[in-house]
Structures are given as C-alpha cells and as structure tokens.
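Text of the file structure-v5.cif, holding mmCIF, C-alpha atoms and all ligand atoms:
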data_upload
loop_
_atom_site.label_atom_id
_atom_site.label_comp_id
_atom_site.auth_asym_id
_atom_site.auth_seq_id
_atom_site.Cartn_x
_atom_site.Cartn_y
_atom_site.Cartn_z
CA MET A 265 -33.96 -5.62 -54.32
CA PRO A 266 -37.07 -6.84 -52.49
CA GLU A 267 -40.28 -6.64 -54.50
CA SER A 268 -42.30 -4.32 -52.31
CA VAL A 269 -41.42 -1.39 -50.13
CA ARG A 270 -41.33 -2.17 -46.43
CA LEU A 271 -43.00 0.10 -43.91
CA ALA A 272 -41.25 0.58 -40.55
CA PRO A 273 -43.26 2.73 -38.15
CA SER A 274 -40.99 4.50 -35.65
CA ILE A 275 -42.26 4.30 -32.07
CA LEU A 276 -40.66 7.65 -31.31
CA ALA A 277 -43.95 9.15 -32.50
CA ALA A 278 -46.14 6.68 -30.62
CA ASP A 279 -47.88 7.58 -27.36
CA PRO A 280 -45.52 6.29 -24.62
CA LEU A 281 -48.46 5.59 -22.30
CA ARG A 282 -50.31 3.67 -24.98
CA LEU A 283 -47.33 2.03 -26.58
CA ILE A 284 -48.67 -1.50 -26.76
CA GLY A 285 -51.89 -0.32 -28.39
CA ASP A 286 -49.96 1.79 -30.89
CA VAL A 287 -47.72 -1.14 -31.80
CA GLU A 288 -50.78 -3.38 -32.17
CA THR A 289 -52.21 -0.77 -34.55
CA ALA A 290 -48.99 -0.84 -36.56
CA VAL A 291 -49.09 -4.63 -36.78
CA ARG A 292 -52.77 -4.62 -37.70
CA CYS A 293 -52.13 -2.09 -40.47
CA GLY A 294 -49.48 -4.37 -41.96
CA ALA A 295 -46.26 -2.80 -40.70
CA ASP A 296 -43.37 -4.93 -41.93
CA GLU A 297 -41.13 -4.00 -39.03
CA LEU A 298 -40.93 -1.69 -36.06
CA HIS A 299 -38.26 1.00 -35.88
CA VAL A 300 -36.86 1.59 -32.38
CA ASP A 301 -34.71 4.71 -31.93
CA ILE A 302 -32.05 4.45 -29.24
CA MET A 303 -30.60 7.84 -28.24
CA ASP A 304 -27.94 8.36 -25.58
CA GLY A 305 -28.08 12.14 -25.12
CA HIS A 306 -24.51 12.33 -26.40
CA PHE A 307 -24.44 11.23 -30.02
CA VAL A 308 -27.72 13.11 -30.41
CA PRO A 309 -29.26 15.77 -28.16
CA ASN A 310 -32.07 13.55 -26.89
CA ILE A 311 -32.54 10.34 -24.88
CA THR A 312 -35.00 7.51 -25.40
CA TYR A 313 -35.03 3.82 -24.53
CA GLY A 314 -32.78 1.02 -23.35
CA PRO A 315 -32.66 -2.75 -23.86
CA ALA A 316 -35.54 -3.26 -21.40
CA LEU A 317 -38.01 -1.79 -23.86
CA VAL A 318 -36.72 -3.98 -26.68
CA ARG A 319 -37.03 -7.01 -24.40
CA ALA A 320 -40.62 -6.09 -23.53
CA LEU A 321 -41.50 -5.56 -27.21
CA ARG A 322 -39.94 -8.91 -28.11
CA ARG A 323 -41.97 -10.63 -25.39
CA ALA A 324 -45.22 -8.98 -26.50
CA PHE A 325 -44.58 -9.40 -30.25
CA PRO A 326 -42.48 -12.55 -30.75
CA ALA A 327 -42.68 -12.46 -34.55
CA LEU A 328 -42.22 -8.74 -35.14
CA TRP A 329 -39.04 -7.54 -36.88
CA LEU A 330 -37.40 -5.06 -34.49
CA ASP A 331 -35.09 -2.65 -36.26
CA VAL A 332 -32.97 -1.02 -33.57
CA HIS A 333 -31.36 2.26 -34.65
CA LEU A 334 -28.39 3.00 -32.39
CA MET A 335 -27.88 6.76 -32.18
CA VAL A 336 -25.21 6.34 -29.54
CA SER A 337 -21.55 7.34 -29.22
CA GLU A 338 -20.38 3.87 -28.18
CA PRO A 339 -22.33 1.37 -30.29
CA ALA A 340 -19.86 -1.46 -29.55
CA ARG A 341 -20.86 -1.31 -25.90
CA TRP A 342 -24.54 -1.73 -26.70
CA ILE A 343 -24.75 -4.40 -29.38
CA ARG A 344 -24.78 -7.37 -27.01
CA PRO A 345 -27.43 -5.98 -24.62
CA PHE A 346 -29.73 -5.14 -27.52
CA ALA A 347 -29.05 -8.43 -29.30
CA GLU A 348 -29.86 -10.36 -26.12
CA ALA A 349 -32.99 -8.25 -25.66
CA GLY A 350 -34.28 -9.50 -29.01
CA ALA A 351 -33.34 -6.98 -31.72
CA SER A 352 -33.71 -8.35 -35.25
CA ALA A 353 -31.40 -5.75 -36.79
CA LEU A 354 -28.91 -3.37 -35.21
CA THR A 355 -27.93 -0.26 -37.11
CA ALA A 356 -24.89 1.71 -35.95
CA HIS A 357 -23.83 5.16 -37.13
CA VAL A 358 -20.69 5.38 -39.25
CA GLU A 359 -19.76 8.63 -37.47
CA ALA A 360 -19.36 6.68 -34.22
CA LEU A 361 -17.23 3.87 -35.70
CA ARG A 362 -13.54 3.38 -36.34
CA SER A 363 -13.63 0.00 -38.08
CA PRO A 364 -16.12 -2.30 -39.83
CA ASP A 365 -15.53 -5.04 -37.23
CA ILE A 366 -18.68 -4.07 -35.38
CA LEU A 367 -20.78 -5.27 -38.32
CA SER A 368 -19.33 -8.79 -38.13
CA ASP A 369 -19.70 -8.64 -34.34
CA ILE A 370 -23.41 -7.85 -34.80
CA ALA A 371 -23.79 -10.70 -37.30
CA GLY A 372 -21.95 -12.99 -34.85
CA LEU A 373 -24.68 -12.29 -32.31
CA GLY A 374 -27.27 -13.56 -34.80
CA VAL A 375 -28.57 -10.07 -35.65
CA ARG A 376 -28.66 -8.32 -39.05
CA PRO A 377 -26.03 -5.56 -39.28
CA GLY A 378 -26.88 -2.13 -40.63
CA ILE A 379 -25.05 1.15 -41.01
CA SER A 380 -26.46 4.66 -40.91
CA LEU A 381 -25.17 8.09 -41.86
CA LYS A 382 -26.06 11.62 -40.79
CA PRO A 383 -27.00 14.33 -43.31
CA ALA A 384 -23.49 15.86 -43.38
CA THR A 385 -21.75 12.51 -43.95
CA PRO A 386 -21.02 11.63 -47.58
CA VAL A 387 -21.79 8.20 -49.02
CA ALA A 388 -18.05 7.64 -49.58
CA ALA A 389 -17.65 7.36 -45.79
CA LEU A 390 -19.53 4.03 -46.02
CA ASP A 391 -17.20 2.42 -48.56
CA LYS A 392 -15.35 0.09 -46.20
CA TYR A 393 -18.57 -0.84 -44.39
CA LEU A 394 -20.82 -1.67 -47.34
CA PRO A 395 -19.54 -5.22 -47.99
CA GLN A 396 -20.67 -6.28 -44.51
CA ALA A 397 -23.78 -4.11 -44.15
CA GLU A 398 -27.07 -5.81 -44.97
CA TYR A 399 -28.87 -2.53 -44.59
CA VAL A 400 -28.05 1.15 -45.04
CA LEU A 401 -30.21 3.62 -43.17
CA VAL A 402 -29.99 7.02 -44.83
CA MET A 403 -30.87 9.80 -42.39
CA THR A 404 -33.07 12.30 -44.16
CA VAL A 405 -33.18 14.64 -41.13
CA GLU A 406 -30.68 15.50 -38.38
CA PRO A 407 -31.07 12.58 -35.98
CA GLY A 408 -32.50 13.26 -32.54
CA PHE A 409 -36.11 14.25 -33.03
CA GLY A 410 -39.18 13.19 -34.94
CA GLY A 411 -41.51 15.48 -36.84
CA GLN A 412 -38.89 17.25 -38.98
CA LYS A 413 -39.02 17.94 -42.70
CA LEU A 414 -37.21 15.57 -45.07
CA MET A 415 -33.97 16.95 -46.56
CA SER A 416 -34.17 16.00 -50.22
CA ASP A 417 -30.43 16.31 -50.88
CA CYS A 418 -29.96 13.53 -48.30
CA ALA A 419 -32.44 11.33 -50.14
CA ASP A 420 -30.17 11.55 -53.18
CA LYS A 421 -27.70 9.37 -51.23
CA VAL A 422 -30.06 6.46 -51.94
CA ARG A 423 -29.45 6.94 -55.67
CA GLN A 424 -25.70 7.28 -55.07
CA LEU A 425 -25.63 4.00 -53.14
CA ARG A 426 -27.49 2.15 -55.88
CA GLU A 427 -25.18 3.75 -58.46
CA ARG A 428 -22.22 2.31 -56.52
CA GLY A 429 -23.81 -1.10 -56.91
CA TYR A 430 -25.06 -1.53 -53.35
CA ARG A 431 -27.73 -4.26 -53.47
CA GLY A 432 -28.66 -4.57 -49.80
CA ARG A 433 -31.65 -2.91 -48.25
CA ILE A 434 -31.76 0.88 -48.09
CA GLY A 435 -34.03 2.72 -45.67
CA CYS A 436 -34.86 6.41 -45.38
CA ASP A 437 -35.34 7.79 -41.89
CA GLY A 438 -36.78 11.19 -41.05
CA GLY A 439 -39.59 13.23 -42.50
CA VAL A 440 -40.91 10.41 -44.67
CA THR A 441 -44.57 10.86 -45.66
CA PRO A 442 -46.98 9.19 -48.09
CA GLU A 443 -46.40 12.25 -50.32
CA ASN A 444 -42.61 11.92 -50.63
CA ALA A 445 -42.54 8.10 -50.43
CA PRO A 446 -42.91 7.51 -54.20
CA ALA A 447 -39.84 9.65 -54.95
CA LEU A 448 -37.79 7.78 -52.31
CA ALA A 449 -38.82 4.42 -53.73
CA ALA A 450 -37.94 5.62 -57.24
CA LEU A 451 -34.44 6.50 -56.02
CA GLY A 452 -34.03 2.90 -54.81
CA ALA A 453 -35.20 2.92 -51.18
CA ASP A 454 -36.98 -0.28 -50.16
CA THR A 455 -37.66 0.51 -46.50
CA LEU A 456 -39.44 3.62 -45.28
CA ILE A 457 -39.32 4.66 -41.65
CA MET A 458 -42.34 6.68 -40.62
CA GLY A 459 -42.87 8.14 -37.18
CA THR A 460 -45.16 11.14 -37.34
CA ALA A 461 -46.69 10.25 -40.71
CA PHE A 462 -47.82 6.90 -39.34
CA PHE A 463 -48.59 7.26 -35.64
CA ARG A 464 -50.06 10.75 -35.85
CA ALA A 465 -52.09 10.01 -38.98
CA GLU A 466 -55.86 10.21 -38.78
CA ASP A 467 -55.97 6.89 -40.58
CA PRO A 468 -52.67 4.98 -40.20
CA ARG A 469 -53.98 2.18 -42.40
CA LYS A 470 -54.22 4.61 -45.30
CA THR A 471 -50.57 5.52 -44.76
CA ALA A 472 -49.58 1.86 -44.67
CA ASP A 473 -51.60 1.07 -47.79
CA ALA A 474 -50.00 3.98 -49.66
CA VAL A 475 -46.53 2.57 -48.90
CA HIS A 476 -47.49 -0.97 -49.86
CA ALA A 477 -48.99 0.24 -53.13
CA LEU A 478 -45.58 1.61 -54.27
C1 LIG J 501 -34.84 10.60 -35.84
C2 LIG J 501 -35.20 9.14 -35.78
C3 LIG J 501 -36.33 8.78 -36.67
C4 LIG J 501 -37.65 9.42 -36.29
C5 LIG J 501 -38.46 9.66 -37.53
O1 LIG J 501 -33.68 10.81 -35.12
O2 LIG J 501 -34.10 8.34 -36.16
O3 LIG J 501 -36.49 7.37 -36.73
O4 LIG J 501 -38.39 8.64 -35.41
O5 LIG J 501 -39.57 10.40 -37.19
P1 LIG J 501 -40.42 11.20 -38.28
O6 LIG J 501 -40.95 10.18 -39.24
O7 LIG J 501 -41.47 11.86 -37.46
O8 LIG J 501 -39.49 12.16 -38.95
ZN ZN J 502 -34.43 6.18 -36.54
#
Could you render the structure from this file as structure tokens?
Ligand code: DX5
Ligand code: ZN
Amino acid sequence: MPESVRLAPSILAADPLRLIGDVETAVRCGADELHVDIMDGHFVPNITYGPALVRALRRAFPALWLDVHLMVSEPARWIRPFAEAGASALTAHVEALRSPDILSDIAGLGVRPGISLKPATPVAALDKYLPQAEYVLVMTVEPGFGGQKLMSDCADKVRQLRERGYRGRIGCDGGVTPENAPALAALGADTLIMGTAFFRAEDPRKTADAVHAL
C-alpha cells in the first residue's frame, strides 16, 4: 500500500465557468490527482463531459494525474478516445462489463486500468477483474450526482477487498469528507475522491492538509 493517502478532487463540484482556476487551486493545495466523472445519461441519470475536456485539461496541466471515471454503459467504446485525450487512469464499472478483457485493453493503450462498483454490487462481482485491476474505486453513493451522504455499508467493501488480499489502490468515491476520511483510511482506502468537500470548502487547503495528515 502507498505510504500516504492520495487526495483526488472531483471536478464535478467545481465551478464550470471557473474550471481552470478551480483546478489550479486543487494543484496548489497539493491534490495528488484530479477525478473526472464521465456520465452518459444512460448508465447514470446525468451527463457530464467528453474527451475534449480531458484533452484540454491535459494540455493545461501536463503533469497532473487524470483519473477518468467512466460511468457509461459502453466503456469499451470510450477507452481509446479518453486514452488519446490524455487520461492517466481509466476506471470502468463492473456492472457495464462482460469480461475482464477491457482492463488489458486499457493497459495496452498505456493507461492504468481501474474497476468500480455501485453500492448494490457485492465485492464478489469483482473477483475475475481484480488480477488485472490496478485500482478499485468503491462507490460510496449512488453514482450520478455529487453532494450526497456517504453510505457506510459501502465503505466496508474496502475492508472486504483488503481481506481478500487485494493490494492495489482502493479509492472511495462519494460523500467523502475530512470527518469520515480517517475511518476510510483505517479500512484500507488509499485514495479519497472529494467533490463537494474540497471545491465547496471555505478553505480547500485545510481539507487537503487533513487528508495528507492521515
Ligand atoms: C458521483 C461521482 C463522484 C462525485 C463525488 O457519481 O462519481 O466522483 O463527484 O462528489 P461528492 O464528493 O460531492 O460526493
Ligand atoms: Zn467519480
């Protein structure tokens, strides 16, 4: 496991008209990566961004780790466009997959492969994917919207994954705050996605420092 917990601010909670400034704030506060939520209006009841935004972020922030969370019904169709746009990691949802091949396809494009699961999906559904997944993104809210409350029974999946011997990175996504972060880290999470708790904070640096002090 990495030594310190990584903070991944989610731009879903940023101000779309001030996006570059918000991302600069995240970088200045020591964000370890940027979480970019891709929603297709089908896999989840909301729509967000396409590869063009990832390309623009990559151009503006050449060294920033871009963690692209694919909440889409056809992830296989989107991995190449997002890889070519400059994603560092591509995380697909197990509910949208039929085989683990997509993870090796992602790796073949030079991008780190991750797998995510919705609240109702048990950890056992990941079994055949774990050997090839460098990252597991545990959804701690129903995907689709920011600003929801963390579901603590979902967070327990982090413990279950570690108990199964999974040694890759584990992130928690949804409703993560500086208050619940210590419990998530204690369960074995090493990456915390924060939308609202970071971008809507009065002092985002304080939020970042709290995560890095874990
Ligand atoms: C939810 C997204 C999350 C979201 C988290 O579907 O996957 O990444 O941005 O936002 P907060 O931290 O506000 O719950
Ligand atoms: Zn996300």
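Shortest separation to ligand ZN 502 (chain J) among A:Lys382, A:Arg376, A:Arg270, A:Arg341 occurs at residue A:Lys382, atoms counted being all atoms listed in the file.
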For ligand ZN 502 (chain J), return the neighbouring residues as a count of residues only (distance at most 10 Å; only C-alpha atoms and all ligand atoms). 33
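In this model, the gap between CA of Arg423 in chain A and CA of Val269 in chain A comes to 15.6 Å.
Across the model, the gap from CA of Gly305 in chain A to CA of Leu456 in chain A is 24.7 Å.
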Quote the spacing between CA of Pro309 in chain A and CA of Lys413 in chain A in Å to one decimal place. 17.6 Å
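For the set A:Ala477, A:Gly314, A:Pro326, A:Ala320, the residue with the smallest atom-to-atom gap to Glu297 in chain A is A:Pro326, counting only C-alpha atoms.
For the residues A:Asp467, A:Asp279, A:Glu348, A:Asp369, ranking by smallest atom-to-atom distance to Arg319 in chain A using only C-alpha atoms places A:Glu348 first.
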Hey, can I get the axis-aligned box for ligand LIG 501 (chain J)? All listed atoms, 4 Å padding on each side, centre and edge lengths in Å to one decimal, as lines of an AutoDock Vina configuration file.
center_x = -37.6
center_y = 9.8
center_z = -37.2
size_x = 15.8
size_y = 12.8
size_z = 12.1
From the list A:Asp296, A:Glu288, A:Glu398, A:Glu406, the nearest residue to ligand LIG 501 (chain J) using only C-alpha atoms and all ligand atoms is A:Glu406
